[in-house]
Amino acid sequence: MLQYLRNLQLASANLPVGGFTYSQGLEWAVEAKWVTNQIETKDWLLQQMYSTLRFCDLPILARLHQCTINQDEQGFSYWIKNLLRQRETCELRLEEQQRGKAFFRFLEGLGFIHPWQNLLIQSQIAGFAWYGATNKMSLEDIQISWSYSWLESNIMAAIKLVPLGQQAGQQLIYQLSTLLPSIITQANAIEDNDIGAGSPLVAIASSCHENQYSRLFRS
């Protein structure tokens, strides 16, 4: 029961990591009229779920989780560096690091002190993995928390930007979250050499967003 509650806390939109301030390129995609309605929003998110989430975020989270269990600091550092290399723009790398610092402050506020501070501040995914393993949470539970948090944050951004109504946002959460268990299963079968993000449209949108004249979001 306690681990279930911890999982809910990690998935909460109220987690103080600033997730509501990032759109991961969606703001420019809306400006460019790539994404103009609910169907196009769904397609935009699906592409990322089956590429970035499945082939990058979730497999690396799994390896960071195992490195924490094994107390393998060198391996932990290696996979954080690998993750940062997968963030294809300066903006996306900065977001990963800013979220990492914010998540580490969250851990400090709960009383967690760890000598891997210099690693944990580099990535929120690293913090998720470390926190989950430290609290004896299963890998699948942590991956569900991360995936749902990612999905909800992106849909909240779409509600503001596209814009979508609240009902349309809830429909998207319902439809897309149904796919997460299968994506997690596939992600956990991926070999080390097959890990890698491949979202060229997101990379283009993020690069353009760095210089977008008027914007609401940090990425």
# chains A, B, ... in the order shown; residues from 1 in each chain; ligands from 1

call {"tool": "residues_around", "arguments": {"residues": "Ile80 in chain A", "least_positions_apart": "6", "cutoff": "12 Å", "atoms": "only C-alpha atoms", "output": "ChimeraX atom specification"}}
result
/A:56-57,59-65,67,73-74,86-87,93,96-97,100,116,118-127,129-130

call {"tool": "select_by_dssp", "arguments": {"residues": "range 97-168 of chain A", "states": "helix (DSSP H, G or I)", "output": "ChimeraX atom specification"}}
result
/A:97-109,117-120,124-134,139-161,166-168

call {"tool": "write_last_selection", "arguments": {"atoms": "C-alpha atoms", "output": "PDB file, in the first residue's frame"}}
result
ATOM      1  CA  GLN A  97      19.128  18.991 -16.345  1.00  0.00           C
ATOM      2  CA  GLN A  98      16.738  21.571 -14.895  1.00  0.00           C
ATOM      3  CA  ARG A  99      14.233  18.862 -14.081  1.00  0.00           C
ATOM      4  CA  GLY A 100      17.027  16.822 -12.512  1.00  0.00           C
ATOM      5  CA  LYS A 101      17.982  19.664 -10.190  1.00  0.00           C
ATOM      6  CA  ALA A 102      14.347  20.261  -9.259  1.00  0.00           C
ATOM      7  CA  PHE A 103      13.779  16.568  -8.542  1.00  0.00           C
ATOM      8  CA  PHE A 104      16.890  16.446  -6.392  1.00  0.00           C
ATOM      9  CA  ARG A 105      15.522  19.356  -4.330  1.00  0.00           C
ATOM     10  CA  PHE A 106      12.348  17.302  -3.908  1.00  0.00           C
ATOM     11  CA  LEU A 107      14.455  14.381  -2.631  1.00  0.00           C
ATOM     12  CA  GLU A 108      16.336  16.650  -0.244  1.00  0.00           C
ATOM     13  CA  GLY A 109      13.038  17.965   1.078  1.00  0.00           C
ATOM     14  CA  GLN A 117      24.250  14.070  -5.849  1.00  0.00           C
ATOM     15  CA  ASN A 118      26.462  15.179  -8.757  1.00  0.00           C
ATOM     16  CA  LEU A 119      24.778  12.510 -10.895  1.00  0.00           C
ATOM     17  CA  LEU A 120      21.203  12.838  -9.680  1.00  0.00           C
ATOM     18  CA  GLN A 124      14.916  13.653 -13.555  1.00  0.00           C
ATOM     19  CA  ILE A 125      14.798  10.145 -14.988  1.00  0.00           C
ATOM     20  CA  ALA A 126      17.885   9.333 -12.920  1.00  0.00           C
ATOM     21  CA  GLY A 127      16.137  10.685  -9.827  1.00  0.00           C
ATOM     22  CA  PHE A 128      13.029   8.627 -10.583  1.00  0.00           C
ATOM     23  CA  ALA A 129      15.090   5.472 -10.960  1.00  0.00           C
ATOM     24  CA  TRP A 130      17.126   6.095  -7.806  1.00  0.00           C
ATOM     25  CA  TYR A 131      14.074   7.014  -5.713  1.00  0.00           C
ATOM     26  CA  GLY A 132      12.147   3.973  -6.911  1.00  0.00           C
ATOM     27  CA  ALA A 133      14.944   1.503  -6.247  1.00  0.00           C
ATOM     28  CA  THR A 134      15.703   3.080  -2.860  1.00  0.00           C
ATOM     29  CA  LEU A 139      10.699  -1.226 -12.169  1.00  0.00           C
ATOM     30  CA  GLU A 140       7.285  -1.451 -13.847  1.00  0.00           C
ATOM     31  CA  ASP A 141       5.700   0.795 -11.208  1.00  0.00           C
ATOM     32  CA  ILE A 142       8.390   3.435 -11.719  1.00  0.00           C
ATOM     33  CA  GLN A 143       8.022   3.203 -15.489  1.00  0.00           C
ATOM     34  CA  ILE A 144       4.251   3.632 -15.228  1.00  0.00           C
ATOM     35  CA  SER A 145       4.753   6.715 -13.051  1.00  0.00           C
ATOM     36  CA  TRP A 146       7.260   8.214 -15.471  1.00  0.00           C
ATOM     37  CA  SER A 147       5.157   7.438 -18.561  1.00  0.00           C
ATOM     38  CA  TYR A 148       1.931   8.745 -17.091  1.00  0.00           C
ATOM     39  CA  SER A 149       3.623  11.901 -15.795  1.00  0.00           C
ATOM     40  CA  TRP A 150       5.124  12.497 -19.245  1.00  0.00           C
ATOM     41  CA  LEU A 151       1.784  11.943 -20.961  1.00  0.00           C
ATOM     42  CA  GLU A 152      -0.213  14.157 -18.616  1.00  0.00           C
ATOM     43  CA  SER A 153       2.329  17.008 -18.803  1.00  0.00           C
ATOM     44  CA  ASN A 154       2.275  16.973 -22.604  1.00  0.00           C
ATOM     45  CA  ILE A 155      -1.508  16.901 -22.753  1.00  0.00           C
ATOM     46  CA  MET A 156      -1.740  19.759 -20.260  1.00  0.00           C
ATOM     47  CA  ALA A 157       0.528  21.742 -22.580  1.00  0.00           C
ATOM     48  CA  ALA A 158      -1.664  20.838 -25.565  1.00  0.00           C
ATOM     49  CA  ILE A 159      -4.799  21.985 -23.725  1.00  0.00           C
ATOM     50  CA  LYS A 160      -3.239  25.438 -23.427  1.00  0.00           C
ATOM     51  CA  LEU A 161      -1.536  25.627 -26.809  1.00  0.00           C
ATOM     52  CA  GLN A 166     -10.519  19.743 -20.825  1.00  0.00           C
ATOM     53  CA  GLN A 167     -12.818  16.969 -22.075  1.00  0.00           C
ATOM     54  CA  ALA A 168     -10.659  16.435 -25.165  1.00  0.00           C
TER      55      ALA A 168
END

call {"tool": "atom_distance", "arguments": {"atom1": "CA of His209 in chain A", "atom2": "CA of Val35 in chain A"}}
result
14.3 Å

call {"tool": "atom_distance", "arguments": {"atom1": "CA of Gly25 in chain A", "atom2": "CA of Gln170 in chain A"}}
result
21.1 Å

call {"tool": "closest_residue", "arguments": {"among": "A:Ile195, A:Leu83, A:Ile184, A:Leu164", "to": "Ile39 in chain A", "atoms": "only C-alpha atoms"}}
result
A:Leu164

call {"tool": "residues_around", "arguments": {"residues": "Gln186 in chain A", "least_positions_apart": "6", "cutoff": "12 Å", "atoms": "only C-alpha atoms", "output": "list of chain:residue names"}}
result
A:Met49, A:Tyr50, A:Ser51, A:Leu53, A:Arg54, A:Phe55, A:Cys56, A:Leu58, A:Pro59, A:Glu140, A:Leu179, A:Leu180, A:Asp194, A:Ile195

call {"tool": "residues_around", "arguments": {"residues": "Glu31 in chain A", "least_positions_apart": "3", "cutoff": "10 Å", "atoms": "only C-alpha atoms", "output": "PDB file with N, CA and C atoms, in the first residue's frame"}}
result
ATOM      1  N   LEU A  26       6.232  21.309 -28.678  1.00  0.00           N
ATOM      2  CA  LEU A  26       4.840  21.416 -29.123  1.00  0.00           C
ATOM      3  C   LEU A  26       4.444  22.863 -29.396  1.00  0.00           C
ATOM      4  N   GLU A  27       4.973  23.803 -28.610  1.00  0.00           N
ATOM      5  CA  GLU A  27       4.590  25.197 -28.800  1.00  0.00           C
ATOM      6  C   GLU A  27       4.936  25.676 -30.217  1.00  0.00           C
ATOM      7  N   TRP A  28       6.124  25.301 -30.707  1.00  0.00           N
ATOM      8  CA  TRP A  28       6.473  25.704 -32.065  1.00  0.00           C
ATOM      9  C   TRP A  28       5.671  24.915 -33.091  1.00  0.00           C
ATOM     10  N   TRP A  34       1.565  22.546 -37.446  1.00  0.00           N
ATOM     11  CA  TRP A  34       1.719  21.094 -37.557  1.00  0.00           C
ATOM     12  C   TRP A  34       0.659  20.395 -36.706  1.00  0.00           C
ATOM     13  N   VAL A  35       0.328  21.021 -35.588  1.00  0.00           N
ATOM     14  CA  VAL A  35      -0.647  20.459 -34.648  1.00  0.00           C
ATOM     15  C   VAL A  35      -1.738  21.498 -34.435  1.00  0.00           C
ATOM     16  N   THR A  36      -2.954  21.174 -34.892  1.00  0.00           N
ATOM     17  CA  THR A  36      -4.040  22.161 -34.837  1.00  0.00           C
ATOM     18  C   THR A  36      -5.322  21.639 -34.194  1.00  0.00           C
ATOM     19  N   LEU A 161      -2.137  25.138 -25.577  1.00  0.00           N
ATOM     20  CA  LEU A 161      -1.536  25.627 -26.809  1.00  0.00           C
ATOM     21  C   LEU A 161      -2.377  25.411 -28.062  1.00  0.00           C
ATOM     22  N   VAL A 162      -3.020  24.257 -28.198  1.00  0.00           N
ATOM     23  CA  VAL A 162      -3.651  23.923 -29.482  1.00  0.00           C
ATOM     24  C   VAL A 162      -4.780  24.897 -29.859  1.00  0.00           C
ATOM     25  N   ALA A 205      11.275  21.059 -34.113  1.00  0.00           N
ATOM     26  CA  ALA A 205      10.396  21.970 -33.384  1.00  0.00           C
ATOM     27  C   ALA A 205      11.107  22.573 -32.180  1.00  0.00           C
ATOM     28  N   HIS A 209      11.937  26.414 -31.548  1.00  0.00           N
ATOM     29  CA  HIS A 209      11.367  27.011 -30.342  1.00  0.00           C
ATOM     30  C   HIS A 209      12.407  27.803 -29.560  1.00  0.00           C
ATOM     31  N   GLN A 212      11.958  31.149 -30.867  1.00  0.00           N
ATOM     32  CA  GLN A 212      10.598  31.610 -31.132  1.00  0.00           C
ATOM     33  C   GLN A 212      10.374  32.970 -30.460  1.00  0.00           C
ATOM     34  N   SER A 214       7.654  34.819 -29.492  1.00  0.00           N
ATOM     35  CA  SER A 214       6.741  34.912 -28.346  1.00  0.00           C
ATOM     36  C   SER A 214       6.377  33.495 -27.910  1.00  0.00           C
ATOM     37  N   ARG A 215       6.572  33.179 -26.646  1.00  0.00           N
ATOM     38  CA  ARG A 215       6.297  31.812 -26.202  1.00  0.00           C
ATOM     39  C   ARG A 215       5.892  31.787 -24.738  1.00  0.00           C
TER      40      ARG A 215
END
